[in-house]
Every structure is written in C-alpha cells, then in structure tokens.
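Heads up: the structure comes next, in structure tokens.
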Amino acid sequence: MTYPIYVCGSPVLKKEGEPVSKDYPELGKLIEDMFETMYASDGVGLAAPQIGKPLKLFVIDATVYKENEPELADFKKAFINAEIYAYSDDSVPYNEGCLSFPGIHEDVNRPSRIKIRYLDENLVERDEEYGGTAARVIQHEYDHTLGKTFIDRLSPLRRTLLKSKLGAMSKGKYKADYKTRIVK
Ligand code: ZN
C-alpha cells in the first residue's frame with residue numbers, strides 16, 4: 001500500500017525520530033510500503049517522518065543514477081537507526097528537492113563523503129563509507145530522521161526568500177502529482 005506524503009507545515013517533519021525496536025510490528029511490511037510510496041511519487045529516497053511516522057528509518061533507491069555512477073546499479077536499501085559518524089571536510093553544492101516540499105529545488109552544500117552505521121532491512125549491522133550521489137541522498141534522508149529538512153541547510157538569506165512560499169505551502173497552496181497531506 002502507499003501512504004500520503006506529509007508536506008511542509010506538518011509538525012512530524014520537525015520531530016526527531018525514535019529508534020526502531022528490533023521487534024517493531026511488521027517492519028518488513030512498513031519498509032515495503034515505504035518503497036512503494038516512494039516509487040509512486042517518483043522519489044529516490046523517503047524517510048518515515050514523511051509518512052507521519054517519527055522513526056529512525058529511511059529507504060533509498062538510487063539505481064536511476066547507474067548510468068553515471070555504475071556502483072549504484074544495485075543501490076536499493078533500507079537504513080534503520082542510522083548514525084552518520086564521520087564527514088569529509090569539504091562542502092559541495094547539489095540541487096536538491098524533497099517530496100515534502102513539492103516544487104522547491106535549492107542548491108544545498110554538504111560534505112561529499114560520509115561514514116555511516118545502521119541496520120539493514122534484515123537487521124544486520126552495517127558500517128559503510130559513501131561518496132557521490134549516494135552520500136548526498138543518504139544525508140538528505142538522514143536529516144529527516146533528526147527532524148531536519150534541506151530547508152534547514154540553506155543560508156538565512158535563501159530561507160528568508162522562501163518564507164512566503166513555504167507559508168503558503170503549509171496552508172495547502174501547492175501542487176503535487178502524488179498523494180499528500182498536511183497534519184497539524
Ligand atoms: Zn526530503
């Protein structure tokens with residue numbers, strides 16, 4: 001089944017996610033539904049707060065980037081209780097969008113490489129290093145599990161310029177071609 005995507009103005013997007021317990025009911029089904037929801041809205045990543053569940057859980061399918069980055073050919077993963085514990089010192093821009101902010105695309109600066117510990121969908125502990133688009137998408141989704149969004153990563157000036165647009169969005173004035181909702 002697919003979930004509606006929670007849009008800007010929904011407080012759950014600003015709430016830090018709870019760790020997922022190993023006996024979380026039907027975790028496999030939730031992960032499956034998150035992938036289905038993500039595909040239905042043409043996203044490459046989706047975090048649990050975006051479907052109204054404040055949990056440390058996100059899914060990514062970056063296989064669409066395989067032409068330019070062949071190592072992403074099988075990059076379809078769930079990240080449970082992830083912790084990014086190391087970042088490279090650089091900061092590179094990349095034009096990001098977010099299903100919870102339909103129609104908004106902004107250049108966001110982030111470190112180009114990360115190291116991350118997490119449980120995969122089989123609850124196996126992983127400790128991995130990523131660069132390129134994978135590092136970018138992981139950092140974006142990881143932010144959601146901390147109650148942050150890409151808007152928080154923009155300069156104060158960019159945020160000021162977006163303020164009225166975001167205000168209108170949180171009152172329901174936006175267009176999205178996928179299922180959305182705002183829950184106050
Ligand atoms: Zn997002």
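Simple scheme: letters A, B, ... for chains in structure tokens order, numbers from 1 for residues in each chain, numbers from 1 for ligands in the order shown.
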
May I have the residues within 7 Å of stretch 169-181 of chain A as a compact mmCIF listing (two decimals) with N, CA and C atoms, in the first residue's frame, using only C-alpha atoms and disregarding those fewer than 2 positions away in the same chain?
```txt
# COMPACT_ATOMS: atom_id res chain seq x y z
N PRO A 4 0.09 8.64 2.01
CA PRO A 4 0.25 10.02 1.56
C PRO A 4 1.53 10.61 2.15
N ILE A 5 2.15 11.52 1.42
CA ILE A 5 3.38 12.18 1.89
C ILE A 5 3.00 13.42 2.70
N TYR A 6 3.56 13.53 3.90
CA TYR A 6 3.31 14.71 4.73
C TYR A 6 4.12 15.88 4.20
N VAL A 7 3.42 17.01 4.05
CA VAL A 7 4.02 18.20 3.44
C VAL A 7 4.36 19.22 4.52
N CYS A 8 5.33 20.07 4.19
CA CYS A 8 5.73 21.24 4.97
C CYS A 8 4.54 21.85 5.73
N GLY A 9 4.72 22.08 6.99
CA GLY A 9 3.60 22.56 7.82
C GLY A 9 3.12 21.47 8.76
N SER A 41 5.60 8.29 -6.00
CA SER A 41 5.77 9.75 -6.03
C SER A 41 7.08 10.14 -6.73
N PRO A 102 6.88 20.10 -2.25
CA PRO A 102 6.67 19.97 -3.69
C PRO A 102 6.96 21.29 -4.42
N LYS A 165 6.61 31.47 0.29
CA LYS A 165 6.26 30.25 -0.46
C LYS A 165 5.98 29.09 0.50
N LEU A 166 6.84 28.95 1.51
CA LEU A 166 6.66 27.86 2.48
C LEU A 166 5.42 28.10 3.34
N GLY A 167 5.17 29.37 3.66
CA GLY A 167 3.97 29.71 4.44
C GLY A 167 2.71 29.31 3.68
N VAL A 183 -0.76 17.49 8.27
CA VAL A 183 -1.41 17.18 9.54
C VAL A 183 -0.80 18.08 10.60
```

Problem - Env. residues ligand 1 / 6 Å / only C-alpha atoms and all ligand atoms / as a list in words - result: Cys98, Leu99, Ser100 and Glu141 of chain A

Exercise for the section: Point out the residue among A:Thr2, A:Gln50, A:Ser112, A:Thr63 with the least atom-to-atom distance to A:Glu32, counting only C-alpha atoms. Expected result: A:Thr2

Handout entry: For A:Ala73, the nearest of the candidates A:Ala134, A:Leu55, A:Phe101, A:Pro19, counting only C-alpha atoms
Key = A:Ala134

Problem - Residue neighbourhood A:Gly131, 12 Å, only C-alpha atoms, exclusion window fewer than 5 positions, as an MDAnalysis selection string - result: chainID A and resid 69 71:72 86:88 90 92 110:116 136:139

Output file for the selection above: N, CA, C and O atoms, as a PDB file, in the first residue's frame:
```pdb
ATOM      1  N   GLU A  69      27.014   6.598 -12.441  1.00  0.00           N
ATOM      2  CA  GLU A  69      27.736   6.010 -11.305  1.00  0.00           C
ATOM      3  C   GLU A  69      27.400   4.520 -11.241  1.00  0.00           C
ATOM      4  O   GLU A  69      26.478   4.118 -10.537  1.00  0.00           O
ATOM      5  N   GLU A  71      28.463   2.068  -9.745  1.00  0.00           N
ATOM      6  CA  GLU A  71      28.414   1.406  -8.433  1.00  0.00           C
ATOM      7  C   GLU A  71      27.024   1.505  -7.787  1.00  0.00           C
ATOM      8  O   GLU A  71      26.748   0.840  -6.781  1.00  0.00           O
ATOM      9  N   LEU A  72      26.150   2.346  -8.367  1.00  0.00           N
ATOM     10  CA  LEU A  72      24.800   2.474  -7.810  1.00  0.00           C
ATOM     11  C   LEU A  72      23.800   1.504  -8.452  1.00  0.00           C
ATOM     12  O   LEU A  72      22.612   1.543  -8.135  1.00  0.00           O
ATOM     13  N   ALA A  86      31.005  10.144  10.609  1.00  0.00           N
ATOM     14  CA  ALA A  86      32.164  10.887  10.090  1.00  0.00           C
ATOM     15  C   ALA A  86      31.787  11.559   8.772  1.00  0.00           C
ATOM     16  O   ALA A  86      31.035  10.988   7.968  1.00  0.00           O
ATOM     17  N   TYR A  87      32.285  12.781   8.605  1.00  0.00           N
ATOM     18  CA  TYR A  87      32.027  13.560   7.385  1.00  0.00           C
ATOM     19  C   TYR A  87      33.352  14.042   6.816  1.00  0.00           C
ATOM     20  O   TYR A  87      34.271  14.363   7.579  1.00  0.00           O
ATOM     21  N   SER A  88      33.455  14.128   5.492  1.00  0.00           N
ATOM     22  CA  SER A  88      34.639  14.749   4.887  1.00  0.00           C
ATOM     23  C   SER A  88      34.605  16.258   5.186  1.00  0.00           C
ATOM     24  O   SER A  88      33.556  16.810   5.537  1.00  0.00           O
ATOM     25  N   ASP A  90      35.113  18.759   3.149  1.00  0.00           N
ATOM     26  CA  ASP A  90      34.701  19.670   2.079  1.00  0.00           C
ATOM     27  C   ASP A  90      33.202  19.959   2.140  1.00  0.00           C
ATOM     28  O   ASP A  90      32.482  19.431   2.993  1.00  0.00           O
ATOM     29  N   VAL A  92      30.114  20.579  -0.820  1.00  0.00           N
ATOM     30  CA  VAL A  92      29.819  20.725  -2.251  1.00  0.00           C
ATOM     31  C   VAL A  92      28.324  20.979  -2.475  1.00  0.00           C
ATOM     32  O   VAL A  92      27.486  20.428  -1.769  1.00  0.00           O
ATOM     33  N   ARG A 110      26.831  20.245   1.148  1.00  0.00           N
ATOM     34  CA  ARG A 110      27.035  19.156   2.120  1.00  0.00           C
ATOM     35  C   ARG A 110      28.417  18.550   1.891  1.00  0.00           C
ATOM     36  O   ARG A 110      28.964  18.632   0.790  1.00  0.00           O
ATOM     37  N   PRO A 111      28.956  17.885   2.916  1.00  0.00           N
ATOM     38  CA  PRO A 111      30.203  17.132   2.725  1.00  0.00           C
ATOM     39  C   PRO A 111      30.014  16.069   1.642  1.00  0.00           C
ATOM     40  O   PRO A 111      28.924  15.517   1.499  1.00  0.00           O
ATOM     41  N   SER A 112      31.095  15.767   0.900  1.00  0.00           N
ATOM     42  CA  SER A 112      30.960  14.841  -0.232  1.00  0.00           C
ATOM     43  C   SER A 112      31.064  13.374   0.178  1.00  0.00           C
ATOM     44  O   SER A 112      30.649  12.491  -0.571  1.00  0.00           O
ATOM     45  N   ARG A 113      31.644  13.110   1.372  1.00  0.00           N
ATOM     46  CA  ARG A 113      31.785  11.716   1.807  1.00  0.00           C
ATOM     47  C   ARG A 113      31.339  11.560   3.257  1.00  0.00           C
ATOM     48  O   ARG A 113      31.525  12.469   4.080  1.00  0.00           O
ATOM     49  N   ILE A 114      30.793  10.398   3.550  1.00  0.00           N
ATOM     50  CA  ILE A 114      30.327  10.111   4.911  1.00  0.00           C
ATOM     51  C   ILE A 114      30.657   8.677   5.306  1.00  0.00           C
ATOM     52  O   ILE A 114      30.852   7.814   4.448  1.00  0.00           O
ATOM     53  N   LYS A 115      30.687   8.447   6.604  1.00  0.00           N
ATOM     54  CA  LYS A 115      30.719   7.079   7.133  1.00  0.00           C
ATOM     55  C   LYS A 115      29.470   6.909   7.977  1.00  0.00           C
ATOM     56  O   LYS A 115      29.105   7.800   8.759  1.00  0.00           O
ATOM     57  N   ILE A 116      28.827   5.765   7.819  1.00  0.00           N
ATOM     58  CA  ILE A 116      27.520   5.556   8.466  1.00  0.00           C
ATOM     59  C   ILE A 116      27.414   4.143   9.033  1.00  0.00           C
ATOM     60  O   ILE A 116      27.882   3.177   8.426  1.00  0.00           O
ATOM     61  N   ARG A 136      25.039  12.004  -0.863  1.00  0.00           N
ATOM     62  CA  ARG A 136      24.098  13.135  -0.910  1.00  0.00           C
ATOM     63  C   ARG A 136      22.699  12.708  -0.460  1.00  0.00           C
ATOM     64  O   ARG A 136      22.098  13.303   0.428  1.00  0.00           O
ATOM     65  N   VAL A 137      22.197  11.636  -1.077  1.00  0.00           N
ATOM     66  CA  VAL A 137      20.821  11.213  -0.782  1.00  0.00           C
ATOM     67  C   VAL A 137      20.724  10.706   0.665  1.00  0.00           C
ATOM     68  O   VAL A 137      19.753  10.993   1.367  1.00  0.00           O
ATOM     69  N   ILE A 138      21.750   9.982   1.112  1.00  0.00           N
ATOM     70  CA  ILE A 138      21.741   9.480   2.484  1.00  0.00           C
ATOM     71  C   ILE A 138      21.672  10.651   3.474  1.00  0.00           C
ATOM     72  O   ILE A 138      20.871  10.636   4.421  1.00  0.00           O
ATOM     73  N   GLN A 139      22.477  11.686   3.244  1.00  0.00           N
ATOM     74  CA  GLN A 139      22.470  12.822   4.184  1.00  0.00           C
ATOM     75  C   GLN A 139      21.113  13.526   4.199  1.00  0.00           C
ATOM     76  O   GLN A 139      20.627  13.944   5.248  1.00  0.00           O
TER      77      GLN A 139
END
```

Exercise for the section: Pick out the residues sitting within 12 Å of A:Asn68, and hand them over as a ChimeraX atom specification; count only C-alpha atoms, and ignore anything fewer than 6 positions along from it in its own chain. Expected result: /A:62,132-133

Exercise for the section: Using only C-alpha atoms, find the one residue out of A:Leu27, A:Ile60, A:Ala82, A:Leu119 that sits nearest to A:Tyr142. Expected result: A:Ala82

Exercise for the section: Give the strand (DSSP E) residues of stretch 114-165 of chain A, as assigned by DSSP on the backbone, as number ranges by chain. Expected result: A: 114-119, 125-130

Practice task
Provide the atom CA of A:Ile151 to atom CA of A:Val44 distance in Å, to one decimal place.
Solution key: 18.0 Å

Problem - Which of stretch 59-104 of chain A fall in helix (DSSP H, G or I), as an NGL selection string - result: :A and (63-65 or 70-72)

Those same residues, written as a PDB file, in the first residue's frame with all heavy atoms?
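As a result, out_38.pdb now contains:
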```pdb
ATOM      1  N   THR A  63      19.225   3.544  -7.955  1.00  0.00           N
ATOM      2  CA  THR A  63      19.638   2.825  -9.171  1.00  0.00           C
ATOM      3  C   THR A  63      19.426   3.680 -10.429  1.00  0.00           C
ATOM      4  O   THR A  63      20.050   3.414 -11.449  1.00  0.00           O
ATOM      5  CB  THR A  63      18.876   1.489  -9.305  1.00  0.00           C
ATOM      6  OG1 THR A  63      17.469   1.748  -9.275  1.00  0.00           O
ATOM      7  CG2 THR A  63      19.221   0.550  -8.167  1.00  0.00           C
ATOM      8  N   VAL A  64      18.578   4.711 -10.361  1.00  0.00           N
ATOM      9  CA  VAL A  64      18.376   5.580 -11.533  1.00  0.00           C
ATOM     10  C   VAL A  64      19.657   6.311 -11.929  1.00  0.00           C
ATOM     11  O   VAL A  64      19.767   6.783 -13.057  1.00  0.00           O
ATOM     12  CB  VAL A  64      17.274   6.642 -11.305  1.00  0.00           C
ATOM     13  CG1 VAL A  64      15.904   6.020 -11.302  1.00  0.00           C
ATOM     14  CG2 VAL A  64      17.513   7.467 -10.056  1.00  0.00           C
ATOM     15  N   TYR A  65      20.599   6.416 -11.008  1.00  0.00           N
ATOM     16  CA  TYR A  65      21.845   7.144 -11.305  1.00  0.00           C
ATOM     17  C   TYR A  65      22.939   6.239 -11.866  1.00  0.00           C
ATOM     18  O   TYR A  65      24.079   6.656 -12.013  1.00  0.00           O
ATOM     19  CB  TYR A  65      22.366   7.830 -10.042  1.00  0.00           C
ATOM     20  CG  TYR A  65      21.404   8.836  -9.447  1.00  0.00           C
ATOM     21  CD1 TYR A  65      20.790   8.602  -8.219  1.00  0.00           C
ATOM     22  CD2 TYR A  65      21.123  10.032 -10.114  1.00  0.00           C
ATOM     23  CE1 TYR A  65      19.906   9.526  -7.674  1.00  0.00           C
ATOM     24  CE2 TYR A  65      20.242  10.955  -9.572  1.00  0.00           C
ATOM     25  CZ  TYR A  65      19.643  10.697  -8.349  1.00  0.00           C
ATOM     26  OH  TYR A  65      18.771  11.604  -7.816  1.00  0.00           O
ATOM     27  N   PRO A  70      28.166   3.710 -11.996  1.00  0.00           N
ATOM     28  CA  PRO A  70      27.846   2.275 -12.106  1.00  0.00           C
ATOM     29  C   PRO A  70      27.764   1.556 -10.759  1.00  0.00           C
ATOM     30  O   PRO A  70      27.041   0.562 -10.630  1.00  0.00           O
ATOM     31  CB  PRO A  70      29.005   1.717 -12.935  1.00  0.00           C
ATOM     32  CG  PRO A  70      29.576   2.894 -13.664  1.00  0.00           C
ATOM     33  CD  PRO A  70      29.341   4.093 -12.800  1.00  0.00           C
ATOM     34  N   GLU A  71      28.463   2.068  -9.745  1.00  0.00           N
ATOM     35  CA  GLU A  71      28.414   1.406  -8.433  1.00  0.00           C
ATOM     36  C   GLU A  71      27.024   1.505  -7.787  1.00  0.00           C
ATOM     37  O   GLU A  71      26.748   0.840  -6.781  1.00  0.00           O
ATOM     38  CB  GLU A  71      29.506   1.962  -7.496  1.00  0.00           C
ATOM     39  CG  GLU A  71      29.334   3.409  -7.051  1.00  0.00           C
ATOM     40  CD  GLU A  71      29.903   4.441  -8.042  1.00  0.00           C
ATOM     41  OE1 GLU A  71      30.096   4.101  -9.235  1.00  0.00           O
ATOM     42  OE2 GLU A  71      30.122   5.581  -7.620  1.00  0.00           O
ATOM     43  N   LEU A  72      26.150   2.346  -8.367  1.00  0.00           N
ATOM     44  CA  LEU A  72      24.800   2.474  -7.810  1.00  0.00           C
ATOM     45  C   LEU A  72      23.800   1.504  -8.452  1.00  0.00           C
ATOM     46  O   LEU A  72      22.612   1.543  -8.135  1.00  0.00           O
ATOM     47  CB  LEU A  72      24.286   3.918  -7.975  1.00  0.00           C
ATOM     48  CG  LEU A  72      25.081   4.985  -7.203  1.00  0.00           C
ATOM     49  CD1 LEU A  72      24.510   6.370  -7.473  1.00  0.00           C
ATOM     50  CD2 LEU A  72      25.064   4.696  -5.703  1.00  0.00           C
TER      51      LEU A  72
END
```

Exercise for the section: For atom CA of A:Glu106 and atom CA of A:Pro93, quote the distance in Å rounded to one decimal. Expected result: 9.4 Å

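The coordinates place atom CA of A:His105 at 24.2 Å from atom CA of A:Ile84.
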
Exercise for the section: Using only C-alpha atoms, find the one residue out of A:Met1, A:Val124, A:Ile51, A:Ala168 that sits nearest to A:Asn81. Expected result: A:Val124

So that I can see what lies close to A:Asn122, please list as a PDB file with C-alpha atoms, in the first residue's frame the residues with an atom at most 12 Å from it, counting only C-alpha atoms and leaving out residues fewer than 6 positions away in the same chain.
```pdb
ATOM      1  CA  LYS A  22      14.025  -4.939  16.730  1.00  0.00           C
ATOM      2  CA  ASP A  23      10.528  -6.280  17.365  1.00  0.00           C
ATOM      3  CA  LEU A  27       8.744  -3.732   9.989  1.00  0.00           C
ATOM      4  CA  GLY A  28       9.253  -5.598   6.709  1.00  0.00           C
ATOM      5  CA  ILE A  31       9.701  -0.874   4.544  1.00  0.00           C
ATOM      6  CA  LYS A  77      18.496  -0.137   0.657  1.00  0.00           C
ATOM      7  CA  ALA A  78      16.679   0.491   3.914  1.00  0.00           C
ATOM      8  CA  PHE A  79      18.544   2.271   6.730  1.00  0.00           C
ATOM      9  CA  ILE A  80      17.377   1.542  10.271  1.00  0.00           C
TER      10      ILE A  80
END
```

Exercise for the section: Return the single residue from A:Val108, A:Leu162, A:Ala47, A:Met38 that is closest to A:Glu16, with distances computed using only C-alpha atoms. Expected result: A:Ala47

Can you tell me which residues surround A:Asp107 at a distance of at most 8 Å, considering only C-alpha atoms, apart from same-chain residues fewer than 2 positions away, and format the answer as a PDB file with N, CA, C and O atoms, in the first residue's frame?
```pdb
ATOM      1  N   PRO A  93      28.006  21.833  -3.469  1.00  0.00           N
ATOM      2  CA  PRO A  93      26.596  22.132  -3.738  1.00  0.00           C
ATOM      3  C   PRO A  93      25.951  21.064  -4.627  1.00  0.00           C
ATOM      4  O   PRO A  93      26.638  20.406  -5.421  1.00  0.00           O
ATOM      5  N   TYR A  94      24.664  20.900  -4.468  1.00  0.00           N
ATOM      6  CA  TYR A  94      23.894  19.964  -5.308  1.00  0.00           C
ATOM      7  C   TYR A  94      22.451  20.432  -5.230  1.00  0.00           C
ATOM      8  O   TYR A  94      21.982  20.815  -4.162  1.00  0.00           O
ATOM      9  N   ASN A  95      21.775  20.426  -6.366  1.00  0.00           N
ATOM     10  CA  ASN A  95      20.396  20.902  -6.396  1.00  0.00           C
ATOM     11  C   ASN A  95      19.466  19.815  -5.859  1.00  0.00           C
ATOM     12  O   ASN A  95      19.297  18.782  -6.486  1.00  0.00           O
ATOM     13  N   GLU A  96      18.874  20.069  -4.697  1.00  0.00           N
ATOM     14  CA  GLU A  96      18.027  19.077  -4.034  1.00  0.00           C
ATOM     15  C   GLU A  96      16.552  19.465  -4.089  1.00  0.00           C
ATOM     16  O   GLU A  96      16.205  20.646  -4.087  1.00  0.00           O
ATOM     17  N   HIS A 105      13.219  23.506  -5.325  1.00  0.00           N
ATOM     18  CA  HIS A 105      14.541  22.935  -5.597  1.00  0.00           C
ATOM     19  C   HIS A 105      15.582  23.974  -5.238  1.00  0.00           C
ATOM     20  O   HIS A 105      15.487  25.114  -5.669  1.00  0.00           O
ATOM     21  N   ASN A 109      24.641  22.799   0.232  1.00  0.00           N
ATOM     22  CA  ASN A 109      26.031  22.399   0.445  1.00  0.00           C
ATOM     23  C   ASN A 109      26.104  21.307   1.499  1.00  0.00           C
ATOM     24  O   ASN A 109      25.520  21.445   2.575  1.00  0.00           O
ATOM     25  N   LEU A 154      19.876  25.612   4.222  1.00  0.00           N
ATOM     26  CA  LEU A 154      20.058  26.776   3.337  1.00  0.00           C
ATOM     27  C   LEU A 154      20.581  27.965   4.128  1.00  0.00           C
ATOM     28  O   LEU A 154      20.479  28.005   5.357  1.00  0.00           O
TER      29      LEU A 154
END
```

Practice task
Tell me which protein, DNA and RNA residues are within 10 Å of A:Pro49, counting only C-alpha atoms, leaving out same-chain ones fewer than 3 positions away, and put them as a PyMOL selection string.
Solution key: chain A and resi 5-6+10-17+46+52-58+100+141+144-147
